[in-house]
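model16.cif follows (mmCIF, C-alpha atoms):
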data_work
loop_
_atom_site.label_atom_id
_atom_site.label_comp_id
_atom_site.auth_asym_id
_atom_site.auth_seq_id
_atom_site.Cartn_x
_atom_site.Cartn_y
_atom_site.Cartn_z
CA MET A 1 -10.26 22.02 -12.42
CA PRO A 2 -13.74 21.69 -10.89
CA THR A 3 -16.53 21.44 -13.41
CA PHE A 4 -18.89 24.37 -13.98
CA TYR A 5 -21.92 22.93 -12.24
CA GLU A 6 -20.17 22.57 -8.90
CA GLY A 7 -20.50 26.22 -8.00
CA LYS A 8 -18.56 27.87 -5.22
CA PRO A 9 -16.36 25.82 -2.89
CA ILE A 10 -17.97 24.53 0.30
CA ALA A 11 -14.75 25.07 2.21
CA THR A 12 -11.13 25.97 1.62
CA VAL A 13 -8.56 24.65 4.06
CA GLU A 14 -4.93 25.68 4.31
CA GLN A 15 -2.91 22.97 6.00
CA SER A 16 0.52 21.49 6.54
CA LEU A 17 0.39 17.82 7.30
CA ARG A 18 2.73 16.72 10.08
CA GLU A 19 3.95 13.19 10.77
CA PRO A 20 1.66 12.56 13.80
CA ASP A 21 -1.34 13.82 11.77
CA TYR A 22 -0.55 11.43 8.94
CA ALA A 23 0.10 8.55 11.35
CA ALA A 24 -3.25 9.15 13.08
CA ALA A 25 -5.06 9.33 9.72
CA TYR A 26 -3.34 6.16 8.49
CA TYR A 27 -4.23 4.35 11.70
CA ALA A 28 -7.86 5.46 11.42
CA ALA A 29 -7.95 4.28 7.79
CA GLN A 30 -6.49 0.90 8.70
CA SER A 31 -8.75 0.42 11.70
CA THR A 32 -11.93 1.06 9.75
CA VAL A 33 -11.32 -1.44 6.96
CA SER A 34 -13.43 -3.95 8.90
CA LEU A 35 -14.56 -4.57 12.46
CA LEU A 36 -11.85 -7.20 12.83
CA ARG A 37 -9.17 -4.52 12.33
CA ARG A 38 -10.22 -2.60 15.45
CA LYS A 39 -7.90 -3.18 18.38
CA GLU A 40 -10.82 -3.39 20.82
CA VAL A 41 -12.52 -6.14 18.80
CA LEU A 42 -9.35 -8.16 18.22
CA SER A 43 -8.19 -7.97 21.82
CA GLY A 44 -11.76 -8.70 22.96
CA ILE A 45 -11.79 -11.91 20.91
CA CYS A 46 -8.39 -12.96 22.28
CA LEU A 47 -9.43 -12.12 25.83
CA THR A 48 -12.62 -14.18 25.41
CA VAL A 49 -10.56 -17.16 24.22
CA ALA A 50 -8.29 -16.72 27.26
CA VAL A 51 -11.27 -16.50 29.65
CA VAL A 52 -12.99 -19.55 28.11
CA GLY A 53 -9.70 -21.50 28.29
CA GLY A 54 -9.15 -20.37 31.87
CA SER A 55 -12.68 -21.23 32.95
CA LEU A 56 -12.24 -24.81 31.68
CA ILE A 57 -9.13 -25.38 33.82
CA PRO A 58 -11.04 -26.54 36.98
CA LEU A 59 -12.94 -29.11 34.84
CA PHE A 60 -9.77 -30.75 33.54
CA TYR A 61 -7.66 -30.30 36.64
CA ARG A 62 -6.92 -34.02 36.86
CA THR A 63 -5.92 -34.48 33.19
CA PRO A 64 -2.33 -33.17 32.91
CA GLY A 65 -2.24 -33.21 29.08
CA LEU A 66 -5.38 -31.11 28.67
CA LEU A 67 -4.48 -28.88 31.60
CA GLY A 68 -1.23 -27.90 29.90
CA GLY A 69 -3.10 -27.19 26.67
CA LEU A 70 -5.66 -25.00 28.44
CA ILE A 71 -2.97 -23.03 30.26
CA ALA A 72 -1.23 -22.51 26.91
CA VAL A 73 -4.50 -21.31 25.31
CA CYS A 74 -5.07 -18.96 28.22
CA ALA A 75 -1.54 -17.53 28.02
CA LEU A 76 -1.70 -17.24 24.24
CA GLY A 77 -5.06 -15.45 24.41
CA LEU A 78 -3.81 -13.00 27.02
CA GLY A 79 -0.55 -12.41 25.15
CA SER A 80 -2.36 -11.82 21.84
CA ALA A 81 -4.85 -9.45 23.51
CA LEU A 82 -1.97 -7.36 24.87
CA LEU A 83 -0.23 -7.49 21.50
CA PHE A 84 -3.30 -6.32 19.55
CA PHE A 85 -4.19 -3.63 22.07
CA PHE A 86 -0.80 -2.06 22.77
CA VAL A 87 1.89 -3.23 20.33
CA GLN A 88 0.11 -3.39 16.96
CA PRO A 89 -1.33 0.18 17.00
CA HIS A 90 2.13 1.50 17.81
CA ASP A 91 3.62 -0.53 14.92
CA ILE A 92 0.98 0.71 12.46
CA ARG A 93 1.65 4.31 13.49
CA SER A 94 5.41 3.93 13.12
CA TRP A 95 4.94 2.33 9.67
CA ALA A 96 2.76 5.32 8.74
CA GLY A 97 5.53 7.59 9.98
CA GLU A 98 7.97 5.84 7.65
CA ILE A 99 5.59 6.31 4.72
CA TYR A 100 5.24 10.00 5.58
CA ARG A 101 9.00 10.53 5.81
CA SER A 102 9.53 8.75 2.48
CA ASN A 103 7.12 11.04 0.60
CA ALA A 104 8.40 14.62 0.43
CA LEU A 105 5.17 15.77 -1.25
CA LEU A 106 3.11 15.01 1.86
CA ALA A 107 4.94 17.55 3.98
CA LEU A 108 4.35 20.49 1.63
CA PRO A 109 1.78 23.11 2.70
CA GLN A 110 -1.47 22.40 0.88
CA THR A 111 -4.64 24.23 -0.02
CA ILE A 112 -7.59 21.87 0.01
CA THR A 113 -10.76 23.07 -1.67
CA VAL A 114 -13.92 21.06 -1.13
CA TYR A 115 -16.57 21.32 -3.86
CA ARG A 116 -19.95 19.68 -4.15
CA ASP A 117 -18.71 16.62 -6.04
CA SER A 118 -14.96 16.77 -5.71
CA ILE A 119 -11.93 17.91 -3.79
CA VAL A 120 -8.89 19.73 -5.14
CA ALA A 121 -5.55 19.57 -3.35
CA LYS A 122 -2.92 22.07 -4.38
CA SER A 123 0.64 22.46 -3.17
CA GLU A 124 3.76 24.10 -4.52
CA LYS A 125 4.64 20.97 -6.54
CA GLU A 126 1.37 19.31 -7.40
CA THR A 127 -2.34 19.82 -7.99
CA PHE A 128 -4.87 17.06 -8.14
CA GLN A 129 -8.57 16.54 -8.12
CA GLU A 130 -10.55 13.57 -6.83
CA TYR A 131 -14.29 12.95 -7.01
CA TRP A 132 -16.15 11.41 -4.08
CA THR A 133 -16.79 8.33 -6.19
CA ASP A 134 -13.01 7.81 -6.45
CA PHE A 135 -12.66 7.24 -2.72
CA ALA A 136 -13.42 4.01 -0.95
CA ARG A 137 -14.67 5.77 2.19
CA CYS A 138 -14.44 8.80 4.46
CA VAL A 139 -13.45 8.50 8.10
CA GLU A 140 -14.06 11.38 10.46
CA THR A 141 -11.75 11.48 13.46
CA ARG A 142 -11.43 14.06 16.22
CA ASP A 143 -8.78 15.99 14.28
CA ALA A 144 -9.44 15.34 10.61
CA PHE A 145 -11.57 14.04 7.78
CA VAL A 146 -9.66 11.14 6.25
CA LEU A 147 -10.52 10.30 2.65
CA VAL A 148 -9.32 6.79 1.89
CA GLY A 149 -8.56 5.01 -1.39
CA GLY A 150 -8.30 7.92 -3.82
CA ARG A 151 -7.04 7.56 -7.37
CA GLU A 152 -3.98 9.77 -6.96
CA ARG A 153 -3.33 9.46 -3.22
CA TRP A 154 -4.41 6.61 -0.99
CA ILE A 155 -5.00 8.86 2.02
CA LEU A 156 -6.04 12.48 1.71
CA THR A 157 -6.74 14.30 4.96
CA VAL A 158 -8.59 17.50 5.61
CA GLN A 159 -7.34 18.73 8.96
CA LYS A 160 -9.89 20.31 11.29
CA GLU A 161 -7.25 22.43 13.00
CA GLY A 162 -7.86 26.10 12.22
CA LEU A 163 -11.44 25.56 11.05
CA GLU A 164 -14.34 27.32 12.74
CA LYS A 165 -16.90 25.12 14.49
CA SER A 166 -19.50 26.00 11.86
CA GLU A 167 -17.08 25.08 9.05
CA ARG A 168 -16.36 21.72 10.70
CA GLU A 169 -20.06 21.03 10.99
CA THR A 170 -20.68 22.05 7.38
CA LEU A 171 -17.88 19.77 6.16
CA SER A 172 -19.02 16.91 8.36
CA ALA A 173 -22.58 17.21 7.04
CA HIS A 174 -21.31 17.44 3.47
CA PHE A 175 -19.12 14.34 3.77
CA GLN A 176 -21.96 12.43 5.44
CA ASP A 177 -24.18 13.30 2.49
CA ALA A 178 -21.56 12.62 -0.16
CA PHE A 179 -20.31 9.31 1.23
CA ALA A 180 -23.56 8.02 2.74
CA ARG A 181 -22.84 4.46 3.91
CA ARG A 182 -19.13 4.87 3.19
CA TYR A 183 -18.87 7.52 5.90
CA GLN A 184 -17.60 6.43 9.32
CA LYS A 185 -16.67 8.09 12.58
CA PHE A 186 -13.63 6.86 14.44
CA GLY A 187 -12.15 7.47 17.87
CA ARG A 188 -14.66 10.07 19.05
CA MET B 189 19.81 17.41 -21.74
CA GLN B 190 16.93 17.82 -24.20
CA PRO B 191 13.58 17.37 -22.38
CA VAL B 192 12.13 13.91 -22.95
CA THR B 193 8.35 13.83 -23.27
CA VAL B 194 6.45 10.57 -23.05
CA SER B 195 2.71 10.32 -23.74
CA PHE B 196 0.80 7.12 -23.34
CA LEU B 197 -2.50 5.53 -22.48
CA ILE B 198 -2.16 2.78 -19.90
CA THR B 199 -3.22 -0.60 -21.25
CA ALA B 200 -3.86 -3.84 -19.34
CA PRO B 201 -0.44 -5.37 -20.25
CA ASP B 202 1.27 -2.09 -19.19
CA TYR B 203 -0.44 -2.24 -15.82
CA ALA B 204 0.47 -5.92 -15.39
CA ASP B 205 4.11 -5.12 -16.30
CA PHE B 206 4.14 -2.27 -13.79
CA LYS B 207 2.70 -4.36 -10.96
CA SER B 208 5.07 -7.21 -11.70
CA ALA B 209 8.07 -4.82 -11.73
CA ALA B 210 6.89 -3.14 -8.51
CA ALA B 211 6.64 -6.56 -6.84
CA LYS B 212 10.18 -7.40 -8.00
CA ALA B 213 11.45 -4.03 -6.79
CA CYS B 214 10.18 -4.55 -3.27
CA LEU B 215 11.60 -8.07 -2.97
CA LYS B 216 14.88 -7.82 -1.11
CA ARG B 217 17.90 -9.95 -2.00
CA ARG B 218 17.97 -11.33 1.56
CA GLU B 219 14.37 -12.49 1.22
CA ILE B 220 15.19 -14.30 -2.03
CA MET B 221 18.15 -16.02 -0.34
CA ILE B 222 15.93 -17.12 2.57
CA LEU B 223 13.34 -18.53 0.14
CA ARG B 224 16.04 -20.41 -1.80
CA ALA B 225 17.46 -21.84 1.44
CA ALA B 226 13.96 -22.88 2.59
CA GLY B 227 13.39 -24.60 -0.77
CA CYS B 228 16.69 -26.48 -0.52
CA LEU B 229 15.87 -27.54 3.05
CA LEU B 230 12.48 -28.89 1.97
CA VAL B 231 14.03 -30.92 -0.86
CA LEU B 232 16.75 -32.21 1.48
CA ALA B 233 14.21 -33.10 4.16
CA SER B 234 12.07 -35.00 1.66
CA LEU B 235 15.12 -37.00 0.48
CA VAL B 236 16.11 -37.89 4.07
CA LEU B 237 12.53 -38.83 4.98
CA CYS B 238 12.22 -40.94 1.82
CA ARG B 239 15.49 -42.72 2.64
CA LEU B 240 14.49 -43.39 6.28
CA PHE B 241 10.75 -44.04 6.07
CA GLY B 242 9.94 -44.39 2.37
CA SER B 243 8.57 -47.93 2.57
CA ASP B 244 5.03 -47.57 1.21
CA PRO B 245 3.85 -45.68 -1.91
CA LEU B 246 1.64 -43.23 0.02
CA ARG B 247 4.60 -41.98 2.04
CA ILE B 248 6.78 -41.74 -1.04
CA LEU B 249 4.03 -39.68 -2.68
CA SER B 250 3.79 -37.27 0.27
CA TYR B 251 7.60 -36.88 0.42
CA SER B 252 7.63 -36.20 -3.32
CA ALA B 253 5.00 -33.49 -2.74
CA ILE B 254 7.31 -31.92 -0.11
CA ALA B 255 10.19 -32.02 -2.61
CA LEU B 256 8.03 -30.40 -5.30
CA ALA B 257 6.96 -27.68 -2.85
CA GLY B 258 10.67 -27.12 -2.08
CA ILE B 259 11.50 -26.78 -5.77
CA ALA B 260 8.55 -24.37 -6.28
CA VAL B 261 9.60 -22.18 -3.33
CA GLY B 262 13.34 -22.32 -3.94
CA ALA B 263 13.61 -22.13 -7.71
CA PHE B 264 10.35 -20.77 -9.08
CA TYR B 265 9.08 -18.38 -6.38
CA GLU B 266 9.67 -15.27 -8.48
CA TRP B 267 8.03 -16.88 -11.50
CA PHE B 268 4.95 -17.95 -9.51
CA SER B 269 4.62 -14.66 -7.66
CA GLY B 270 5.08 -12.76 -10.95
CA LEU B 271 2.29 -14.83 -12.50
CA PHE B 272 -0.10 -14.20 -9.61
CA VAL B 273 0.73 -10.49 -9.54
CA ARG B 274 0.07 -10.21 -13.28
CA LEU B 275 -3.25 -12.06 -13.05
CA ARG B 276 -4.35 -9.88 -10.16
CA ALA B 277 -3.28 -6.72 -12.00
CA LEU B 278 -5.22 -7.74 -15.11
CA ASN B 279 -8.35 -8.32 -13.00
CA GLU B 280 -7.83 -5.01 -11.21
CA PHE B 281 -7.45 -3.22 -14.54
CA ALA B 282 -10.63 -4.79 -15.91
CA ALA B 283 -12.54 -3.74 -12.79
CA HIS B 284 -11.26 -0.14 -12.71
CA LYS B 285 -10.70 0.74 -16.38
CA GLU B 286 -11.99 4.27 -15.84
CA ARG B 287 -9.11 5.03 -13.47
CA PHE B 288 -6.46 4.58 -16.16
CA SER B 289 -6.36 7.71 -18.24
CA ALA B 290 -3.87 9.14 -20.73
CA GLN B 291 -0.63 10.29 -19.14
CA ASN B 292 2.00 12.77 -20.14
CA VAL B 293 5.41 12.72 -18.46
CA GLU B 294 8.19 15.15 -19.20
CA PHE B 295 11.75 14.73 -17.97
CA SER B 296 13.92 17.82 -17.87
CA GLU B 297 17.32 18.46 -16.34
CA GLU B 298 15.96 19.41 -12.91
CA LYS B 299 12.53 17.85 -12.54
CA VAL B 300 9.97 15.44 -13.82
CA MET B 301 6.51 16.66 -14.74
CA PHE B 302 3.44 14.45 -14.61
CA GLN B 303 0.19 15.38 -16.24
CA ASN B 304 -3.13 13.65 -16.64
CA ASP B 305 -6.77 14.75 -16.58
CA ARG B 306 -6.80 15.02 -12.77
CA TYR B 307 -3.18 15.33 -11.71
CA SER B 308 -0.35 17.65 -12.54
CA ALA B 309 2.96 17.85 -10.74
CA ALA B 310 6.50 19.08 -11.21
CA VAL B 311 8.70 17.07 -8.88
CA PRO B 312 12.43 17.79 -8.57
CA TYR B 313 14.49 14.60 -8.78
CA GLU B 314 15.77 15.03 -5.24
CA MET B 315 12.19 14.77 -3.96
CA LEU B 316 11.75 11.31 -5.48
CA PHE B 317 12.00 8.40 -3.06
CA LYS B 318 13.56 6.07 -5.63
CA ALA B 319 13.35 4.88 -9.22
CA TYR B 320 13.32 1.38 -10.64
CA GLU B 321 13.81 0.10 -14.14
CA ASP B 322 13.26 -3.34 -15.57
CA GLY B 323 12.93 -4.64 -19.11
CA ARG B 324 9.50 -3.11 -19.68
CA VAL B 325 8.89 -0.15 -17.38
CA PHE B 326 10.41 2.73 -15.45
CA ILE B 327 8.84 3.25 -12.03
CA LEU B 328 9.24 6.55 -10.23
CA TYR B 329 8.46 6.42 -6.53
CA THR B 330 7.28 9.68 -4.96
CA GLY B 331 7.00 7.76 -1.69
CA MET B 332 7.32 4.23 -0.37
CA ASP B 333 3.75 3.41 -1.33
CA GLU B 334 3.16 5.95 -4.09
CA MET B 335 4.51 5.46 -7.57
CA ARG B 336 4.03 6.37 -11.21
CA PHE B 337 5.26 4.33 -14.12
CA ILE B 338 6.24 4.83 -17.71
CA PRO B 339 6.04 1.87 -20.10
CA LYS B 340 9.11 1.57 -22.29
CA ARG B 341 6.95 0.85 -25.33
CA ALA B 342 6.05 4.55 -25.30
CA MET B 343 9.70 5.59 -25.79
CA ASN B 344 12.30 4.96 -28.40
CA GLU B 345 15.76 3.55 -27.62
CA ASP B 346 17.38 6.98 -27.48
CA GLU B 347 14.78 8.38 -25.06
CA CYS B 348 15.21 5.32 -22.86
CA ARG B 349 18.96 5.88 -22.76
CA GLN B 350 18.56 9.59 -21.93
CA LEU B 351 16.08 8.85 -19.17
CA ARG B 352 18.30 6.12 -17.71
CA HIS B 353 21.23 8.52 -17.74
CA VAL B 354 19.35 11.32 -15.98
CA LEU B 355 17.96 8.96 -13.34
CA GLN B 356 21.38 7.42 -12.75
CA THR B 357 22.96 10.85 -12.40
CA LYS B 358 20.30 12.49 -10.25
CA LEU B 359 19.21 9.62 -8.04
CA GLN B 360 22.47 7.65 -7.82
CA GLU B 361 21.98 4.91 -5.21
CA LYS B 362 18.23 5.53 -5.16
CA TYR B 363 18.07 4.23 -8.75
CA GLN B 364 17.72 0.47 -9.20
CA GLN B 365 17.99 -1.32 -12.49
CA GLU B 366 17.11 -4.93 -13.06
CA GLY B 367 16.88 -6.96 -16.25
CA ALA B 368 16.84 -3.79 -18.38
CA ARG B 369 17.56 -4.26 -22.05
#

Using the file provided, produce a representation of the structure as structure tokens.
Amino acid sequence: MPTFYEGKPIATVEQSLREPDYAAAYYAAQSTVSLLRRKEVLSGICLTVAVVGGSLIPLFYRTPGLLGGLIAVCALGLGSALLFFFVQPHDIRSWAGEIYRSNALLALPQTITVYRDSIVAKSEKETFQEYWTDFARCVETRDAFVLVGGRERWILTVQKEGLEKSERETLSAHFQDAFARRYQKFGR
Amino acid sequence: MQPVTVSFLITAPDYADFKSAAAKACLKRREIMILRAAGCLLVLASLVLCRLFGSDPLRILSYSAIALAGIAVGAFYEWFSGLFVRLRALNEFAAHKERFSAQNVEFSEEKVMFQNDRYSAAVPYEMLFKAYEDGRVFILYTGMDEMRFIPKRAMNEDECRQLRHVLQTKLQEKYQQEGAR
């Protein structure tokens, strides 16, 4: 599949994607869409609203209507901060788990071959190739390289498990070069 | 069963048909019922409000707007959403034309084989998540959020019937059919 000018593969990875791996990759992909998708940023905004609301309470202590409103803002801010920090990540991961369980092809052992311009994923049932220009971005997490927005598969992960340190560094450098500004690190 | 082979190049109307069918497929009957009930409630509320407080023209106008919104949500939601989905799909197609290459799909007794310039797969029917058919396309879901479609214009009547039969037999309750001719 790879074109002649690509030369030898940069790395070949044998992997079997498990549900927690996919959920972590999906969560990383979702969280890096924009800054506002990060749980720390969202809960920080809500917490700031709660603190600002709370700090205004002494000023309007004698105005019952406004006082009630400020207490409500404070409670809502705190509640939302907790929701975005603890509940939403869990929900995203369980949704990812559902996606993983629904797609039998994801669980098959795969051989991922990384070339200069493309990546080839091969399993018992399917083989596909994607070029770096097909992907929206690459997210490097502690456990994997997550390639997001491909033509054939929305999330393609290259697991770091089983790779030598030098191989990880080579792949990381290669993805940084290939994706340039579309390369991000997450949760490290 | 004789293998059925379908070859096609995805066109903008095909992609719009596919997106529109996929949107219909993921809309649950319960959700449609809730939308219809909400539409009825809005119309009813506007009538009551008009009867109780409809003294000046401005109020009557705003209550009429509520009634119209109720009719749009209750009776024409699918039509409106279908229209928006189609428009969005056509824009998406125009922006990413290079992603839509020629496809070859072969249905045999045991599996379905997909082939294009970058992807080849032989997926047994039991590995499919579900299949959906409407008047214009067949959609084969390999997962909840991963699907491939075959426009019916690329098949003749007999091939359509064979494919429907094999999907019905192999997927049983995982096969949905809506508005198919």

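Of the listed residues (A:Leu147, A:Cys138, A:Leu59, A:Ala75), A:Cys138 comes nearest to Phe179 (chain A); the distances count only C-alpha atoms.
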
Original post:
Any idea what's packed within 7 Å of region 304-314 of chain B, counting all atoms listed in the file, ignoring anything in its chain fewer than 2 positions away? Could you give it as a PyMOL selection string?
Top reply: (chain A and resi 125-129) or (chain B and resi 289-292+298-302+316+358-359)

Original post:
Hey, what's within 12 Å of Leu278 (chain B) if we count all atoms listed in the file and toss same-chain stuff fewer than 5 positions away? As a ChimeraX atom specification, please?
Top reply: /B:198-208,271-273,283-285

Each residue of chain A with at least one atom at most 12 Å from chain B should appear once, together with its nearest atom pair and the corresponding distance in Å (one decimal); atoms considered: only C-alpha atoms; ordering: chain, then increasing residue number; output as JSON lines.
{"residue": "A:Met1", "atom": "CA", "partner": "B:Arg306", "partner_atom": "CA", "distance": 7.8}
{"residue": "A:Pro2", "atom": "CA", "partner": "B:Arg306", "partner_atom": "CA", "distance": 9.8}
{"residue": "A:Thr3", "atom": "CA", "partner": "B:Arg306", "partner_atom": "CA", "distance": 11.7}
{"residue": "A:Trp95", "atom": "CA", "partner": "B:Met332", "partner_atom": "CA", "distance": 10.5}
{"residue": "A:Ala96", "atom": "CA", "partner": "B:Met332", "partner_atom": "CA", "distance": 10.2}
{"residue": "A:Gly97", "atom": "CA", "partner": "B:Met332", "partner_atom": "CA", "distance": 11.0}
{"residue": "A:Glu98", "atom": "CA", "partner": "B:Met332", "partner_atom": "CA", "distance": 8.2}
{"residue": "A:Ile99", "atom": "CA", "partner": "B:Met332", "partner_atom": "CA", "distance": 5.8}
{"residue": "A:Tyr100", "atom": "CA", "partner": "B:Gly331", "partner_atom": "CA", "distance": 7.8}
{"residue": "A:Arg101", "atom": "CA", "partner": "B:Gly331", "partner_atom": "CA", "distance": 8.2}
{"residue": "A:Ser102", "atom": "CA", "partner": "B:Gly331", "partner_atom": "CA", "distance": 5.0}
{"residue": "A:Asn103", "atom": "CA", "partner": "B:Gly331", "partner_atom": "CA", "distance": 4.0}
{"residue": "A:Ala104", "atom": "CA", "partner": "B:Met315", "partner_atom": "CA", "distance": 5.8}
{"residue": "A:Leu105", "atom": "CA", "partner": "B:Thr330", "partner_atom": "CA", "distance": 7.4}
{"residue": "A:Leu106", "atom": "CA", "partner": "B:Gly331", "partner_atom": "CA", "distance": 9.0}
{"residue": "A:Ala107", "atom": "CA", "partner": "B:Met315", "partner_atom": "CA", "distance": 11.1}
{"residue": "A:Leu108", "atom": "CA", "partner": "B:Met315", "partner_atom": "CA", "distance": 11.2}
{"residue": "A:Ser118", "atom": "CA", "partner": "B:Arg306", "partner_atom": "CA", "distance": 10.9}
{"residue": "A:Ile119", "atom": "CA", "partner": "B:Arg306", "partner_atom": "CA", "distance": 10.7}
{"residue": "A:Val120", "atom": "CA", "partner": "B:Arg306", "partner_atom": "CA", "distance": 9.2}
{"residue": "A:Ala121", "atom": "CA", "partner": "B:Tyr307", "partner_atom": "CA", "distance": 9.7}
{"residue": "A:Lys122", "atom": "CA", "partner": "B:Ser308", "partner_atom": "CA", "distance": 9.6}
{"residue": "A:Ser123", "atom": "CA", "partner": "B:Ala309", "partner_atom": "CA", "distance": 9.2}
{"residue": "A:Glu124", "atom": "CA", "partner": "B:Ala310", "partner_atom": "CA", "distance": 8.8}
{"residue": "A:Lys125", "atom": "CA", "partner": "B:Ala310", "partner_atom": "CA", "distance": 5.4}
{"residue": "A:Glu126", "atom": "CA", "partner": "B:Ala309", "partner_atom": "CA", "distance": 4.0}
{"residue": "A:Thr127", "atom": "CA", "partner": "B:Ser308", "partner_atom": "CA", "distance": 5.4}
{"residue": "A:Phe128", "atom": "CA", "partner": "B:Tyr307", "partner_atom": "CA", "distance": 4.3}
{"residue": "A:Gln129", "atom": "CA", "partner": "B:Arg306", "partner_atom": "CA", "distance": 5.2}
{"residue": "A:Glu130", "atom": "CA", "partner": "B:Arg306", "partner_atom": "CA", "distance": 7.2}
{"residue": "A:Tyr131", "atom": "CA", "partner": "B:Arg306", "partner_atom": "CA", "distance": 9.7}
{"residue": "A:Thr133", "atom": "CA", "partner": "B:Arg287", "partner_atom": "CA", "distance": 11.1}
{"residue": "A:Asp134", "atom": "CA", "partner": "B:Arg287", "partner_atom": "CA", "distance": 8.5}
{"residue": "A:Phe135", "atom": "CA", "partner": "B:Arg287", "partner_atom": "CA", "distance": 11.5}
{"residue": "A:Gly150", "atom": "CA", "partner": "B:Arg287", "partner_atom": "CA", "distance": 10.1}
{"residue": "A:Arg151", "atom": "CA", "partner": "B:Arg287", "partner_atom": "CA", "distance": 6.9}
{"residue": "A:Glu152", "atom": "CA", "partner": "B:Tyr307", "partner_atom": "CA", "distance": 7.4}
{"residue": "A:Arg153", "atom": "CA", "partner": "B:Glu334", "partner_atom": "CA", "distance": 7.4}
{"residue": "A:Trp154", "atom": "CA", "partner": "B:Glu334", "partner_atom": "CA", "distance": 8.2}
{"residue": "A:Ile155", "atom": "CA", "partner": "B:Glu334", "partner_atom": "CA", "distance": 10.6}

Original post:
Need the neighbours of (-14.0, 20.8, 10.3): which residues are at most 12 Å away, counting all atoms listed in the file, as a PyMOL selection string?
Top reply: chain A and resi 10-14+114+140-146+157-175

Original post:
What do you get, as a VMD selection string, if you spell out every residue that the PyMOL selection byres ((chain B and resi 341) around 12) selects here?
Top reply: chain B and resid 194 to 199 201 to 202 205 323 to 326 337 to 340 342 to 345 347 to 348

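Near Tyr183 (chain A), within 7 Å and counting only C-alpha atoms, sit Arg137, Cys138, Val139 and Gln176 of chain A, not including residues fewer than 5 positions from it in the same chain.
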
For this structure, which residues satisfy the selection - the PyMOL selection byres ((chain A and resi 45-57) around 9) - when it is evaluated on the file as given? I want them as an mmCIF file with C-alpha atoms, keeping the file's coordinate frame.
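This went into out26.cif:
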data_model
loop_
_atom_site.group_PDB
_atom_site.id
_atom_site.type_symbol
_atom_site.label_atom_id
_atom_site.label_comp_id
_atom_site.auth_asym_id
_atom_site.auth_seq_id
_atom_site.Cartn_x
_atom_site.Cartn_y
_atom_site.Cartn_z
ATOM 1 C CA GLU A 40 -10.820 -3.390 20.820
ATOM 2 C CA VAL A 41 -12.520 -6.140 18.800
ATOM 3 C CA LEU A 42 -9.350 -8.160 18.220
ATOM 4 C CA SER A 43 -8.190 -7.970 21.820
ATOM 5 C CA GLY A 44 -11.760 -8.700 22.960
ATOM 6 C CA PRO A 58 -11.040 -26.540 36.980
ATOM 7 C CA LEU A 59 -12.940 -29.110 34.840
ATOM 8 C CA PHE A 60 -9.770 -30.750 33.540
ATOM 9 C CA TYR A 61 -7.660 -30.300 36.640
ATOM 10 C CA LEU A 66 -5.380 -31.110 28.670
ATOM 11 C CA LEU A 67 -4.480 -28.880 31.600
ATOM 12 C CA GLY A 69 -3.100 -27.190 26.670
ATOM 13 C CA LEU A 70 -5.660 -25.000 28.440
ATOM 14 C CA ILE A 71 -2.970 -23.030 30.260
ATOM 15 C CA ALA A 72 -1.230 -22.510 26.910
ATOM 16 C CA VAL A 73 -4.500 -21.310 25.310
ATOM 17 C CA CYS A 74 -5.070 -18.960 28.220
ATOM 18 C CA ALA A 75 -1.540 -17.530 28.020
ATOM 19 C CA LEU A 76 -1.700 -17.240 24.240
ATOM 20 C CA GLY A 77 -5.060 -15.450 24.410
ATOM 21 C CA LEU A 78 -3.810 -13.000 27.020
ATOM 22 C CA GLY A 79 -0.550 -12.410 25.150
ATOM 23 C CA SER A 80 -2.360 -11.820 21.840
ATOM 24 C CA ALA A 81 -4.850 -9.450 23.510
ATOM 25 C CA LEU A 82 -1.970 -7.360 24.870
ATOM 26 C CA PHE A 84 -3.300 -6.320 19.550
#

**OP:** In the coordinate frame of the file, compute which residues have an atom within 12 Å of (1.2, -0.8, 16.0) when using all atoms listed in the file, and state them as a PyMOL selection string.
**Re:** chain A and resi 23-24+26-28+30-31+37-39+82-97

Taking C-alpha atoms for each residue, export the selection above as a JSON list (two decimals), keeping the file's coordinate frame.
[["chain", "number", "residue", "atom", "x", "y", "z"],
["A", 23, "ALA", "CA", 0.10, 8.55, 11.35],
["A", 24, "ALA", "CA", -3.25, 9.15, 13.08],
["A", 26, "TYR", "CA", -3.34, 6.16, 8.49],
["A", 27, "TYR", "CA", -4.23, 4.35, 11.70],
["A", 28, "ALA", "CA", -7.86, 5.46, 11.42],
["A", 30, "GLN", "CA", -6.49, 0.90, 8.70],
["A", 31, "SER", "CA", -8.75, 0.42, 11.70],
["A", 37, "ARG", "CA", -9.17, -4.52, 12.33],
["A", 38, "ARG", "CA", -10.22, -2.60, 15.45],
["A", 39, "LYS", "CA", -7.90, -3.18, 18.38],
["A", 82, "LEU", "CA", -1.97, -7.36, 24.87],
["A", 83, "LEU", "CA", -0.23, -7.49, 21.50],
["A", 84, "PHE", "CA", -3.30, -6.32, 19.55],
["A", 85, "PHE", "CA", -4.19, -3.63, 22.07],
["A", 86, "PHE", "CA", -0.80, -2.06, 22.77],
["A", 87, "VAL", "CA", 1.89, -3.23, 20.33],
["A", 88, "GLN", "CA", 0.11, -3.39, 16.96],
["A", 89, "PRO", "CA", -1.33, 0.18, 17.00],
["A", 90, "HIS", "CA", 2.13, 1.50, 17.81],
["A", 91, "ASP", "CA", 3.62, -0.53, 14.92],
["A", 92, "ILE", "CA", 0.98, 0.71, 12.46],
["A", 93, "ARG", "CA", 1.65, 4.31, 13.49],
["A", 94, "SER", "CA", 5.41, 3.93, 13.12],
["A", 95, "TRP", "CA", 4.94, 2.33, 9.67],
["A", 96, "ALA", "CA", 2.76, 5.32, 8.74],
["A", 97, "GLY", "CA", 5.53, 7.59, 9.98]]
